[in-house]
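Novice: Contents of data-v9.pdb (PDB, N, CA and C atoms and all ligand atoms) are below:
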ATOM      1  N   MET A  17      65.123  54.040 146.481
ATOM      2  CA  MET A  17      66.317  54.541 147.182
ATOM      3  C   MET A  17      67.008  55.587 146.327
ATOM      4  N   LYS A  18      67.505  56.595 147.005
ATOM      5  CA  LYS A  18      68.264  57.609 146.274
ATOM      6  C   LYS A  18      69.443  58.055 147.124
ATOM      7  N   TYR A  19      70.383  58.684 146.465
ATOM      8  CA  TYR A  19      71.586  59.139 147.145
ATOM      9  C   TYR A  19      71.445  60.592 147.570
ATOM     10  N   CYS A  20      72.052  60.907 148.724
ATOM     11  CA  CYS A  20      72.190  62.294 149.142
ATOM     12  C   CYS A  20      72.982  63.010 148.057
ATOM     13  N   GLN A  21      72.570  64.229 147.733
ATOM     14  CA  GLN A  21      73.245  64.983 146.681
ATOM     15  C   GLN A  21      74.406  65.824 147.219
ATOM     16  N   GLY A  22      74.671  65.719 148.505
ATOM     17  CA  GLY A  22      75.771  66.462 149.113
ATOM     18  C   GLY A  22      77.100  66.104 148.476
ATOM     19  N   THR A  23      77.856  67.130 148.098
ATOM     20  CA  THR A  23      79.108  66.905 147.380
ATOM     21  C   THR A  23      80.202  66.341 148.285
ATOM     22  N   LEU A  24      80.007  66.472 149.621
ATOM     23  CA  LEU A  24      81.020  65.968 150.563
ATOM     24  C   LEU A  24      80.444  64.921 151.509
ATOM     25  N   CYS A  25      79.246  64.411 151.199
ATOM     26  CA  CYS A  25      78.569  63.456 152.092
ATOM     27  C   CYS A  25      79.488  62.291 152.458
ATOM     28  N   HIS A  26      80.200  61.767 151.478
ATOM     29  CA  HIS A  26      81.063  60.598 151.697
ATOM     30  C   HIS A  26      82.260  60.889 152.593
ATOM     31  N   THR A  27      82.548  62.181 152.816
ATOM     32  CA  THR A  27      83.737  62.516 153.612
ATOM     33  C   THR A  27      83.447  62.558 155.107
ATOM     34  N   TYR A  28      82.162  62.544 155.485
ATOM     35  CA  TYR A  28      81.838  62.574 156.906
ATOM     36  C   TYR A  28      81.895  61.160 157.449
ATOM     37  N   ASP A  29      82.701  60.985 158.467
ATOM     38  CA  ASP A  29      83.042  59.644 158.945
ATOM     39  C   ASP A  29      82.034  59.151 159.978
ATOM     40  N   THR A  30      80.972  58.518 159.501
ATOM     41  CA  THR A  30      79.980  57.921 160.394
ATOM     42  C   THR A  30      79.826  56.447 160.025
ATOM     43  N   SER A  31      79.389  55.652 160.979
ATOM     44  CA  SER A  31      79.307  54.200 160.744
ATOM     45  C   SER A  31      78.298  53.851 159.655
ATOM     46  N   ASP A  32      77.210  54.629 159.541
ATOM     47  CA  ASP A  32      76.197  54.291 158.525
ATOM     48  C   ASP A  32      76.669  54.619 157.104
ATOM     49  N   ARG A  33      77.777  55.326 156.964
ATOM     50  CA  ARG A  33      78.328  55.600 155.627
ATOM     51  C   ARG A  33      79.365  54.564 155.204
ATOM     52  N   LYS A  34      79.746  53.689 156.135
ATOM     53  CA  LYS A  34      80.752  52.671 155.800
ATOM     54  C   LYS A  34      80.087  51.509 155.084
ATOM     55  N   ARG A  35      80.627  51.154 153.929
ATOM     56  CA  ARG A  35      80.075  50.066 153.107
ATOM     57  C   ARG A  35      81.212  49.174 152.638
ATOM     58  N   GLY A  36      80.869  47.901 152.378
ATOM     59  CA  GLY A  36      81.867  46.973 151.863
ATOM     60  C   GLY A  36      82.181  45.893 152.877
ATOM     61  N   VAL A  37      83.048  44.993 152.475
ATOM     62  CA  VAL A  37      83.396  43.879 153.350
ATOM     63  C   VAL A  37      84.460  44.300 154.351
ATOM     64  N   LYS A  38      84.499  43.596 155.456
ATOM     65  CA  LYS A  38      85.448  43.895 156.522
ATOM     66  C   LYS A  38      86.870  43.925 155.975
ATOM     67  N   GLY A  39      87.609  44.921 156.340
ATOM     68  CA  GLY A  39      88.981  45.041 155.868
ATOM     69  C   GLY A  39      89.117  45.943 154.655
ATOM     70  N   SER A  40      88.025  46.112 153.895
ATOM     71  CA  SER A  40      88.084  47.027 152.749
ATOM     72  C   SER A  40      86.833  47.892 152.693
ATOM     73  N   LYS A  41      86.422  48.362 153.862
ATOM     74  CA  LYS A  41      85.245  49.240 153.907
ATOM     75  C   LYS A  41      85.615  50.628 153.416
ATOM     76  N   THR A  42      84.673  51.257 152.762
ATOM     77  CA  THR A  42      84.872  52.638 152.310
ATOM     78  C   THR A  42      83.722  53.492 152.825
ATOM     79  N   ASN A  43      83.981  54.773 152.984
ATOM     80  CA  ASN A  43      82.918  55.723 153.296
ATOM     81  C   ASN A  43      82.221  56.089 151.998
ATOM     82  N   GLN A  44      80.896  55.970 151.997
ATOM     83  CA  GLN A  44      80.141  56.263 150.780
ATOM     84  C   GLN A  44      79.001  57.237 151.050
ATOM     85  N   THR A  45      78.559  57.853 149.991
ATOM     86  CA  THR A  45      77.408  58.753 150.048
ATOM     87  C   THR A  45      76.211  58.013 150.640
ATOM     88  N   ARG A  46      75.461  58.698 151.517
ATOM     89  CA  ARG A  46      74.280  58.078 152.122
ATOM     90  C   ARG A  46      73.208  57.782 151.083
ATOM     91  N   LYS A  47      72.541  56.634 151.269
ATOM     92  CA  LYS A  47      71.474  56.196 150.378
ATOM     93  C   LYS A  47      70.261  55.887 151.239
ATOM     94  N   ARG A  48      69.142  56.519 150.931
ATOM     95  CA  ARG A  48      67.925  56.314 151.725
ATOM     96  C   ARG A  48      66.705  56.407 150.821
ATOM     97  N   THR A  49      65.555  55.990 151.356
ATOM     98  CA  THR A  49      64.309  56.157 150.603
ATOM     99  C   THR A  49      63.824  57.598 150.691
ATOM    100  N   GLN A  50      64.232  58.285 151.781
ATOM    101  CA  GLN A  50      63.738  59.648 151.986
ATOM    102  C   GLN A  50      64.775  60.482 152.713
ATOM    103  N   PHE A  51      64.923  61.727 152.285
ATOM    104  CA  PHE A  51      65.761  62.691 152.996
ATOM    105  C   PHE A  51      64.902  63.860 153.431
ATOM    106  N   ASP A  52      65.315  64.516 154.524
ATOM    107  CA  ASP A  52      64.476  65.568 155.105
ATOM    108  C   ASP A  52      64.929  66.982 154.770
ATOM    109  N   TYR A  53      65.995  67.141 154.042
ATOM    110  CA  TYR A  53      66.505  68.497 153.778
ATOM    111  C   TYR A  53      66.559  68.784 152.284
ATOM    112  N   GLY A  54      66.483  70.075 151.969
ATOM    113  CA  GLY A  54      66.628  70.510 150.579
ATOM    114  C   GLY A  54      65.642  69.817 149.652
ATOM    115  N   ASP A  55      64.367  69.854 150.028
ATOM    116  CA  ASP A  55      63.317  69.264 149.189
ATOM    117  C   ASP A  55      63.549  67.765 148.955
ATOM    118  N   GLY A  56      64.079  67.102 149.979
ATOM    119  CA  GLY A  56      64.257  65.651 149.908
ATOM    120  C   GLY A  56      65.522  65.206 149.193
ATOM    121  N   ASN A  57      66.476  66.129 149.001
ATOM    122  CA  ASN A  57      67.694  65.776 148.258
ATOM    123  C   ASN A  57      68.937  65.596 149.124
ATOM    124  N   PHE A  58      68.857  66.014 150.402
ATOM    125  CA  PHE A  58      70.048  65.993 151.246
ATOM    126  C   PHE A  58      69.776  65.349 152.597
ATOM    127  N   CYS A  59      70.776  64.634 153.126
ATOM    128  CA  CYS A  59      70.598  63.946 154.405
ATOM    129  C   CYS A  59      70.724  64.888 155.586
ATOM    130  N   THR A  60      71.455  65.984 155.440
ATOM    131  CA  THR A  60      71.624  66.960 156.525
ATOM    132  C   THR A  60      71.703  68.365 155.929
ATOM    133  N   LEU A  61      71.562  69.367 156.799
ATOM    134  CA  LEU A  61      71.752  70.748 156.342
ATOM    135  C   LEU A  61      73.195  70.972 155.909
ATOM    136  N   THR A  62      74.126  70.272 156.547
ATOM    137  CA  THR A  62      75.536  70.386 156.164
ATOM    138  C   THR A  62      75.719  69.953 154.716
ATOM    139  N   CYS A  63      75.118  68.820 154.329
ATOM    140  CA  CYS A  63      75.221  68.359 152.938
ATOM    141  C   CYS A  63      74.559  69.347 151.980
ATOM    142  N   GLN A  64      73.425  69.929 152.403
ATOM    143  CA  GLN A  64      72.769  70.940 151.569
ATOM    144  C   GLN A  64      73.698  72.147 151.382
ATOM    145  N   ASP A  65      74.321  72.591 152.471
ATOM    146  CA  ASP A  65      75.244  73.735 152.387
ATOM    147  C   ASP A  65      76.452  73.403 151.509
ATOM    148  N   ASP A  66      76.966  72.180 151.623
ATOM    149  CA  ASP A  66      78.104  71.765 150.790
ATOM    150  C   ASP A  66      77.749  71.854 149.307
ATOM    151  N   TRP A  67      76.556  71.371 148.979
ATOM    152  CA  TRP A  67      76.112  71.418 147.582
ATOM    153  C   TRP A  67      76.044  72.864 147.113
ATOM    154  N   PHE A  68      75.475  73.735 147.974
ATOM    155  CA  PHE A  68      75.307  75.122 147.552
ATOM    156  C   PHE A  68      76.660  75.807 147.375
ATOM    157  N   ARG A  69      77.614  75.492 148.266
ATOM    158  CA  ARG A  69      78.951  76.080 148.110
ATOM    159  C   ARG A  69      79.587  75.642 146.796
ATOM    160  N   THR A  70      79.320  74.412 146.368
ATOM    161  CA  THR A  70      79.899  73.892 145.131
ATOM    162  C   THR A  70      79.140  74.383 143.894
ATOM    163  N   HIS A  71      77.800  74.363 143.949
ATOM    164  CA  HIS A  71      77.002  74.601 142.737
ATOM    165  C   HIS A  71      76.091  75.826 142.800
ATOM    166  N   GLY A  72      75.968  76.470 143.940
ATOM    167  CA  GLY A  72      74.963  77.515 144.133
ATOM    168  C   GLY A  72      75.050  78.656 143.138
ATOM    169  N   THR A  73      76.235  79.198 142.943
ATOM    170  CA  THR A  73      76.376  80.338 142.032
ATOM    171  C   THR A  73      76.016  79.938 140.609
ATOM    172  N   ASN A  74      76.470  78.765 140.173
ATOM    173  CA  ASN A  74      76.100  78.286 138.835
ATOM    174  C   ASN A  74      74.587  78.096 138.727
ATOM    175  N   ALA A  75      73.964  77.571 139.785
ATOM    176  CA  ALA A  75      72.522  77.348 139.756
ATOM    177  C   ALA A  75      71.771  78.680 139.661
ATOM    178  N   VAL A  76      72.180  79.657 140.454
ATOM    179  CA  VAL A  76      71.527  80.974 140.407
ATOM    180  C   VAL A  76      71.686  81.585 139.016
ATOM    181  N   ASN A  77      72.880  81.501 138.452
ATOM    182  CA  ASN A  77      73.093  82.051 137.113
ATOM    183  C   ASN A  77      72.257  81.303 136.076
ATOM    184  N   HIS A  78      72.152  79.990 136.236
ATOM    185  CA  HIS A  78      71.391  79.186 135.282
ATOM    186  C   HIS A  78      69.904  79.514 135.317
ATOM    187  N   PHE A  79      69.330  79.618 136.517
ATOM    188  CA  PHE A  79      67.881  79.786 136.629
ATOM    189  C   PHE A  79      67.443  81.241 136.635
ATOM    190  N   GLY A  80      68.390  82.158 136.694
ATOM    191  CA  GLY A  80      68.033  83.568 136.586
ATOM    192  C   GLY A  80      68.389  84.349 137.825
ATOM    193  N   ARG A  81      69.432  85.143 137.700
ATOM    194  CA  ARG A  81      69.880  85.982 138.804
ATOM    195  C   ARG A  81      68.943  87.180 138.940
ATOM    196  N   VAL A  82      68.596  87.545 140.179
ATOM    197  CA  VAL A  82      67.812  88.753 140.418
ATOM    198  C   VAL A  82      68.727  89.944 140.169
ATOM    199  N   GLU A  83      68.382  90.771 139.179
ATOM    200  CA  GLU A  83      69.226  91.902 138.782
ATOM    201  C   GLU A  83      68.627  93.246 139.177
ATOM    202  N   SER A  84      67.378  93.214 139.650
ATOM    203  CA  SER A  84      66.737  94.432 140.146
ATOM    204  C   SER A  84      65.782  94.008 141.249
ATOM    205  N   PRO A  85      65.412  94.936 142.134
ATOM    206  CA  PRO A  85      64.588  94.518 143.269
ATOM    207  C   PRO A  85      63.225  93.998 142.817
ATOM    208  N   ILE A  86      62.747  92.980 143.484
ATOM    209  CA  ILE A  86      61.394  92.488 143.271
ATOM    210  C   ILE A  86      60.503  93.297 144.206
ATOM    211  N   ILE A  87      59.476  93.902 143.656
ATOM    212  CA  ILE A  87      58.640  94.827 144.425
ATOM    213  C   ILE A  87      57.394  94.112 144.943
ATOM    214  N   LEU A  88      57.115  94.316 146.233
ATOM    215  CA  LEU A  88      55.880  93.778 146.809
ATOM    216  C   LEU A  88      54.718  94.672 146.387
ATOM    217  N   THR A  89      53.763  94.089 145.682
ATOM    218  CA  THR A  89      52.561  94.822 145.271
ATOM    219  C   THR A  89      51.349  94.040 145.760
ATOM    220  N   GLU A  90      50.184  94.642 145.641
ATOM    221  CA  GLU A  90      48.975  93.968 146.095
ATOM    222  C   GLU A  90      48.798  92.634 145.366
ATOM    223  N   ASP A  91      49.211  92.572 144.119
ATOM    224  CA  ASP A  91      49.047  91.343 143.333
ATOM    225  C   ASP A  91      49.862  90.167 143.877
ATOM    226  N   ASN A  92      51.059  90.428 144.428
ATOM    227  CA  ASN A  92      51.899  89.323 144.893
ATOM    228  C   ASN A  92      52.048  89.302 146.417
ATOM    229  N   ALA A  93      51.131  89.979 147.125
ATOM    230  CA  ALA A  93      51.236  90.097 148.583
ATOM    231  C   ALA A  93      50.385  89.073 149.334
ATOM    232  N   TRP A  94      49.917  88.043 148.641
ATOM    233  CA  TRP A  94      49.099  87.033 149.309
ATOM    234  C   TRP A  94      49.979  86.026 150.033
ATOM    235  N   GLN A  95      49.640  85.792 151.310
ATOM    236  CA  GLN A  95      50.386  84.811 152.100
ATOM    237  C   GLN A  95      49.413  83.839 152.752
ATOM    238  N   ARG A  96      49.785  82.568 152.733
ATOM    239  CA  ARG A  96      48.982  81.531 153.375
ATOM    240  C   ARG A  96      49.153  81.658 154.886
ATOM    241  N   GLN A  97      48.020  81.748 155.601
ATOM    242  CA  GLN A  97      48.082  81.900 157.053
ATOM    243  C   GLN A  97      47.057  81.002 157.724
ATOM    244  N   TYR A  98      47.332  80.673 158.973
ATOM    245  CA  TYR A  98      46.380  79.898 159.763
ATOM    246  C   TYR A  98      45.126  80.732 159.975
ATOM    247  N   ASN A  99      43.968  80.119 159.819
ATOM    248  CA  ASN A  99      42.695  80.822 159.984
ATOM    249  C   ASN A  99      42.258  80.754 161.442
ATOM    250  N   GLN A 100      42.305  81.888 162.157
ATOM    251  CA  GLN A 100      41.948  81.925 163.587
ATOM    252  C   GLN A 100      40.509  81.447 163.827
ATOM    253  N   ASP A 101      39.625  81.668 162.858
ATOM    254  CA  ASP A 101      38.223  81.243 163.010
ATOM    255  C   ASP A 101      38.092  79.722 163.107
ATOM    256  N   TYR A 102      39.107  79.022 162.624
ATOM    257  CA  TYR A 102      39.086  77.554 162.634
ATOM    258  C   TYR A 102      39.072  77.000 164.065
ATOM    259  N   TRP A 103      39.652  77.761 165.014
ATOM    260  CA  TRP A 103      39.676  77.337 166.425
ATOM    261  C   TRP A 103      38.278  77.051 166.939
ATOM    262  N   GLY A 104      37.361  78.003 166.707
ATOM    263  CA  GLY A 104      36.014  77.883 167.271
ATOM    264  C   GLY A 104      35.026  77.189 166.363
ATOM    265  N   ASP A 105      35.369  77.049 165.095
ATOM    266  CA  ASP A 105      34.432  76.495 164.117
ATOM    267  C   ASP A 105      35.190  75.654 163.096
ATOM    268  N   ARG A 106      35.166  74.334 163.333
ATOM    269  CA  ARG A 106      35.955  73.431 162.489
ATOM    270  C   ARG A 106      35.367  73.264 161.084
ATOM    271  N   THR A 107      34.210  73.904 160.825
ATOM    272  CA  THR A 107      33.696  73.874 159.452
ATOM    273  C   THR A 107      34.379  74.953 158.604
ATOM    274  N   GLN A 108      35.068  75.893 159.270
ATOM    275  CA  GLN A 108      35.805  76.935 158.548
ATOM    276  C   GLN A 108      37.098  76.332 157.982
ATOM    277  N   PRO A 109      37.623  76.928 156.902
ATOM    278  CA  PRO A 109      38.898  76.418 156.379
ATOM    279  C   PRO A 109      40.024  76.635 157.390
ATOM    280  N   GLN A 110      40.954  75.680 157.458
ATOM    281  CA  GLN A 110      42.066  75.788 158.403
ATOM    282  C   GLN A 110      43.074  76.857 157.969
ATOM    283  N   TRP A 111      43.166  77.067 156.665
ATOM    284  CA  TRP A 111      44.117  78.047 156.135
ATOM    285  C   TRP A 111      43.395  79.030 155.222
ATOM    286  N   VAL A 112      43.835  80.262 155.244
ATOM    287  CA  VAL A 112      43.317  81.282 154.331
ATOM    288  C   VAL A 112      44.515  82.042 153.769
ATOM    289  N   GLU A 113      44.261  82.850 152.751
ATOM    290  CA  GLU A 113      45.310  83.729 152.235
ATOM    291  C   GLU A 113      44.969  85.158 152.635
ATOM    292  N   ARG A 114      45.964  85.857 153.214
ATOM    293  CA  ARG A 114      45.772  87.250 153.588
ATOM    294  C   ARG A 114      46.731  88.101 152.769
ATOM    295  N   ASN A 115      46.208  89.223 152.332
ATOM    296  CA  ASN A 115      47.013  90.153 151.553
ATOM    297  C   ASN A 115      47.687  91.126 152.514
ATOM    298  N   THR A 116      49.023  91.132 152.523
ATOM    299  CA  THR A 116      49.750  91.932 153.510
ATOM    300  C   THR A 116      49.655  93.433 153.222
ATOM    301  N   ILE A 117      49.204  93.815 152.046
ATOM    302  CA  ILE A 117      49.038  95.243 151.737
ATOM    303  C   ILE A 117      47.594  95.678 151.973
ATOM    304  N   SER A 118      46.653  94.999 151.327
ATOM    305  CA  SER A 118      45.247  95.420 151.431
ATOM    306  C   SER A 118      44.564  94.885 152.680
ATOM    307  N   LYS A 119      45.178  93.876 153.329
ATOM    308  CA  LYS A 119      44.625  93.183 154.502
ATOM    309  C   LYS A 119      43.392  92.352 154.159
ATOM    310  N   ALA A 120      43.111  92.168 152.878
ATOM    311  CA  ALA A 120      41.977  91.340 152.459
ATOM    312  C   ALA A 120      42.275  89.866 152.745
ATOM    313  N   THR A 121      41.228  89.071 152.856
ATOM    314  CA  THR A 121      41.353  87.628 153.068
ATOM    315  C   THR A 121      40.608  86.913 151.948
ATOM    316  N   ARG A 122      41.173  85.796 151.515
ATOM    317  CA  ARG A 122      40.495  84.982 150.515
ATOM    318  C   ARG A 122      40.765  83.507 150.797
ATOM    319  N   GLU A 123      39.950  82.656 150.218
ATOM    320  CA  GLU A 123      40.152  81.216 150.365
ATOM    321  C   GLU A 123      41.445  80.818 149.663
ATOM    322  N   CYS A 124      42.024  79.748 150.133
ATOM    323  CA  CYS A 124      43.193  79.226 149.437
ATOM    324  C   CYS A 124      43.080  77.716 149.332
ATOM    325  N   GLU A 125      43.958  77.150 148.545
ATOM    326  CA  GLU A 125      44.000  75.696 148.424
ATOM    327  C   GLU A 125      44.336  75.119 149.791
ATOM    328  N   GLN A 126      43.573  74.133 150.230
ATOM    329  CA  GLN A 126      43.856  73.516 151.530
ATOM    330  C   GLN A 126      44.932  72.496 151.327
TER     331      GLN A 126
HETATM  332 ZN    ZN B   1      74.565  63.692 152.849
END
Transcribe the structure of this file into structure tokens.
Specialist:
Amino acid sequence: MKYCQGTLCHTYDTSDRKRGVKGSKTNQTRKRTQFDYGDGNFCTLTCQDDWFRTHGTNAVNHFGRVESPIILTEDNAWQRQYNQDYWGDRTQPQWVERNTISKATRECEQ
């Protein structure tokens, strides 16, 4: 079990956030085995957005702010795409990588 990382999760008034004995229940951060947002860290997109509003700028500064444009070149232009050949021939890989500049195709990790 883990807690939603949303900084305001406990402020949203829903019955599943109420914990404690009758008469002294409190709203608490959601706790689950799995969350579906923000790489499994947030219970909703709202909680993910709350976290980013609180910590986003610090996180970007910590991990490295983009200070100049990142240029698309043939080396970094590979994108994972569905392999159309897979429709007619299930022995073909389901996914391939296509280069958006050279239009070349290569195998990728399935
Ligand atoms: Zn939450």
Novice: Could you tell me which residues the PyMOL selection byres (((chain A and resi 54-71) around 8) and not hetatm) grabs in this file, written as a VMD selection string?
Specialist: chain A and resid 18 to 25 46 49 to 53 72 to 77
Novice: Would you compute the distance between atom C of A:Asn99 and atom N of A:Lys119? Give it in Å to one decimal.
Specialist: 15.7 Å
Novice: What separation in Å, quoted to one decimal, exists between atom N of A:Lys34 and atom ZN of ligand ZN 1 (chain B)?
Specialist: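 We find that atom N of A:Lys34 and atom ZN of ligand ZN 1 (chain B) lie 11.7 Å from each other.
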Novice: Any chance you could resolve the PyMOL selection byres (((chain A and resi 97) around 6.5) and not hetatm) against this file and give the residues as an MDAnalysis selection string?
Specialist: chainID A and resid 95:96 98:99 110:114
Novice: So which bits of chain A end up strand (DSSP E) when you DSSP the backbone, as a PyMOL selection string?
Specialist: chain A and resi 18-19+34-35+42-43+47-48+94-98+111-115+121-123
Novice: Pick out the closest residue to ligand ZN 1 (chain B) from this set: A:Arg106, A:Arg122, A:Lys47, A:Arg81. Count only C-alpha atoms and all ligand atoms.
Specialist: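 Closest residue, counting only C-alpha atoms and all ligand atoms: A:Lys47.
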Novice: What are the DSSP alpha helix (DSSP H) residues of chain A, as a compact mmCIF listing (two decimals) with N, CA and C atoms, in the frame of the given file?
Specialist:
# COMPACT_ATOMS: atom_id res chain seq x y z
N LEU A 61 71.56 69.37 156.80
CA LEU A 61 71.75 70.75 156.34
C LEU A 61 73.19 70.97 155.91
N THR A 62 74.13 70.27 156.55
CA THR A 62 75.54 70.39 156.16
C THR A 62 75.72 69.95 154.72
N CYS A 63 75.12 68.82 154.33
CA CYS A 63 75.22 68.36 152.94
C CYS A 63 74.56 69.35 151.98
N GLN A 64 73.42 69.93 152.40
CA GLN A 64 72.77 70.94 151.57
C GLN A 64 73.70 72.15 151.38
N ASP A 65 74.32 72.59 152.47
CA ASP A 65 75.24 73.74 152.39
C ASP A 65 76.45 73.40 151.51
N ASP A 66 76.97 72.18 151.62
CA ASP A 66 78.10 71.76 150.79
C ASP A 66 77.75 71.85 149.31
N TRP A 67 76.56 71.37 148.98
CA TRP A 67 76.11 71.42 147.58
C TRP A 67 76.04 72.86 147.11
N PHE A 68 75.47 73.74 147.97
CA PHE A 68 75.31 75.12 147.55
C PHE A 68 76.66 75.81 147.38
N ARG A 69 77.61 75.49 148.27
CA ARG A 69 78.95 76.08 148.11
C ARG A 69 79.59 75.64 146.80
N THR A 70 79.32 74.41 146.37
CA THR A 70 79.90 73.89 145.13
C THR A 70 79.14 74.38 143.89
N HIS A 71 77.80 74.36 143.95
CA HIS A 71 77.00 74.60 142.74
C HIS A 71 76.09 75.83 142.80
N GLY A 72 75.97 76.47 143.94
CA GLY A 72 74.96 77.52 144.13
C GLY A 72 75.05 78.66 143.14
N THR A 73 76.24 79.20 142.94
CA THR A 73 76.38 80.34 142.03
C THR A 73 76.02 79.94 140.61
N ASN A 74 76.47 78.76 140.17
CA ASN A 74 76.10 78.29 138.84
C ASN A 74 74.59 78.10 138.73
N ALA A 75 73.96 77.57 139.78
CA ALA A 75 72.52 77.35 139.76
C ALA A 75 71.77 78.68 139.66
N VAL A 76 72.18 79.66 140.45
CA VAL A 76 71.53 80.97 140.41
C VAL A 76 71.69 81.58 139.02
N ASN A 77 72.88 81.50 138.45
CA ASN A 77 73.09 82.05 137.11
C ASN A 77 72.26 81.30 136.08
N HIS A 78 72.15 79.99 136.24
CA HIS A 78 71.39 79.19 135.28
C HIS A 78 69.90 79.51 135.32
N PHE A 79 69.33 79.62 136.52
CA PHE A 79 67.88 79.79 136.63
C PHE A 79 67.44 81.24 136.64
N ASP A 101 39.62 81.67 162.86
CA ASP A 101 38.22 81.24 163.01
C ASP A 101 38.09 79.72 163.11
N TYR A 102 39.11 79.02 162.62
CA TYR A 102 39.09 77.55 162.63
C TYR A 102 39.07 77.00 164.06
N TRP A 103 39.65 77.76 165.01
CA TRP A 103 39.68 77.34 166.42
C TRP A 103 38.28 77.05 166.94
N GLY A 104 37.36 78.00 166.71
CA GLY A 104 36.01 77.88 167.27
C GLY A 104 35.03 77.19 166.36
Novice: Looking at all atoms listed in the file, which of A:Ile87, A:Ser40, A:Thr45, A:Asp29 is the one that sits closest to ligand ZN 1 (chain B)?
Specialist: A:Thr45
Novice: Quick one: apply the PyMOL selection byres (((chain A and resi 93) around 7) and not hetatm) to the file and drop the selected residues here as an mmCIF file with N, CA and C atoms, keeping the file's coordinate frame.
Specialist:
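Listed below is the output, out-v1.cif:
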data_model
loop_
_atom_site.group_PDB
_atom_site.id
_atom_site.type_symbol
_atom_site.label_atom_id
_atom_site.label_comp_id
_atom_site.auth_asym_id
_atom_site.auth_seq_id
_atom_site.Cartn_x
_atom_site.Cartn_y
_atom_site.Cartn_z
ATOM 1 N N LEU A 88 57.115 94.316 146.233
ATOM 2 C CA LEU A 88 55.880 93.778 146.809
ATOM 3 C C LEU A 88 54.718 94.672 146.387
ATOM 4 N N THR A 89 53.763 94.089 145.682
ATOM 5 C CA THR A 89 52.561 94.822 145.271
ATOM 6 C C THR A 89 51.349 94.040 145.760
ATOM 7 N N GLU A 90 50.184 94.642 145.641
ATOM 8 C CA GLU A 90 48.975 93.968 146.095
ATOM 9 C C GLU A 90 48.798 92.634 145.366
ATOM 10 N N ASP A 91 49.211 92.572 144.119
ATOM 11 C CA ASP A 91 49.047 91.343 143.333
ATOM 12 C C ASP A 91 49.862 90.167 143.877
ATOM 13 N N ASN A 92 51.059 90.428 144.428
ATOM 14 C CA ASN A 92 51.899 89.323 144.893
ATOM 15 C C ASN A 92 52.048 89.302 146.417
ATOM 16 N N TRP A 94 49.917 88.043 148.641
ATOM 17 C CA TRP A 94 49.099 87.033 149.309
ATOM 18 C C TRP A 94 49.979 86.026 150.033
ATOM 19 N N GLN A 95 49.640 85.792 151.310
ATOM 20 C CA GLN A 95 50.386 84.811 152.100
ATOM 21 C C GLN A 95 49.413 83.839 152.752
ATOM 22 N N ARG A 114 45.964 85.857 153.214
ATOM 23 C CA ARG A 114 45.772 87.250 153.588
ATOM 24 C C ARG A 114 46.731 88.101 152.769
ATOM 25 N N ASN A 115 46.208 89.223 152.332
ATOM 26 C CA ASN A 115 47.013 90.153 151.553
ATOM 27 C C ASN A 115 47.687 91.126 152.514
ATOM 28 N N THR A 116 49.023 91.132 152.523
ATOM 29 C CA THR A 116 49.750 91.932 153.510
ATOM 30 C C THR A 116 49.655 93.433 153.222
ATOM 31 N N ILE A 117 49.204 93.815 152.046
ATOM 32 C CA ILE A 117 49.038 95.243 151.737
ATOM 33 C C ILE A 117 47.594 95.678 151.973
#
Novice: Each side padded by 3 Å, which centre and which edge lengths in Å (one decimal) define the axis-aligned box around the listed atoms of stretch 92-101 of chain A? Give them as JSON.
Specialist:
{"center_x": 45.1, "center_y": 85.1, "center_z": 154.1, "size_x": 20.0, "size_y": 16.7, "size_z": 25.4}
Novice: Leaving out A:Thr27 and any residue of its chain fewer than 3 positions from it, which residues lie within 6.5 Å of it when counting only N, CA and C atoms, given as a list in words?
Specialist: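 Contacts, in chain order: Leu24, Thr30, Asn43 and Gln44 of chain A.
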Novice: Take the selection from the previous step and output its residues with N, CA and C atoms, as a compact mmCIF listing (two decimals), keeping the file's coordinate frame.
Specialist:
# COMPACT_ATOMS: atom_id res chain seq x y z
N LEU A 24 80.01 66.47 149.62
CA LEU A 24 81.02 65.97 150.56
C LEU A 24 80.44 64.92 151.51
N THR A 30 80.97 58.52 159.50
CA THR A 30 79.98 57.92 160.39
C THR A 30 79.83 56.45 160.02
N ASN A 43 83.98 54.77 152.98
CA ASN A 43 82.92 55.72 153.30
C ASN A 43 82.22 56.09 152.00
N GLN A 44 80.90 55.97 152.00
CA GLN A 44 80.14 56.26 150.78
C GLN A 44 79.00 57.24 151.05
Novice: Hey, which of A:Ala120, A:His26, A:Arg35, A:Asp105 ends up closest to ligand ZN 1 (chain B)? Count only N, CA and C atoms and all ligand atoms.
Specialist: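 Checking each candidate against ligand ZN 1 (chain B), we get A:His26 as the closest.
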Novice: For the atom pair atom ZN of ligand ZN 1 (chain B) and atom C of A:Gly80, what is the interatomic distance in Å to one decimal place?
Specialist: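 So the two atoms, atom ZN of ligand ZN 1 (chain B) and atom C of A:Gly80, lie 26.3 Å apart.
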Novice: Nearest to ligand ZN 1 (chain B): which of A:Arg48, A:Val37, A:Thr107, A:Cys124 is it, counting only C-alpha atoms and all ligand atoms?
Specialist: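 Among the listed residues, the smallest separation from ligand ZN 1 (chain B) belongs to A:Arg48.
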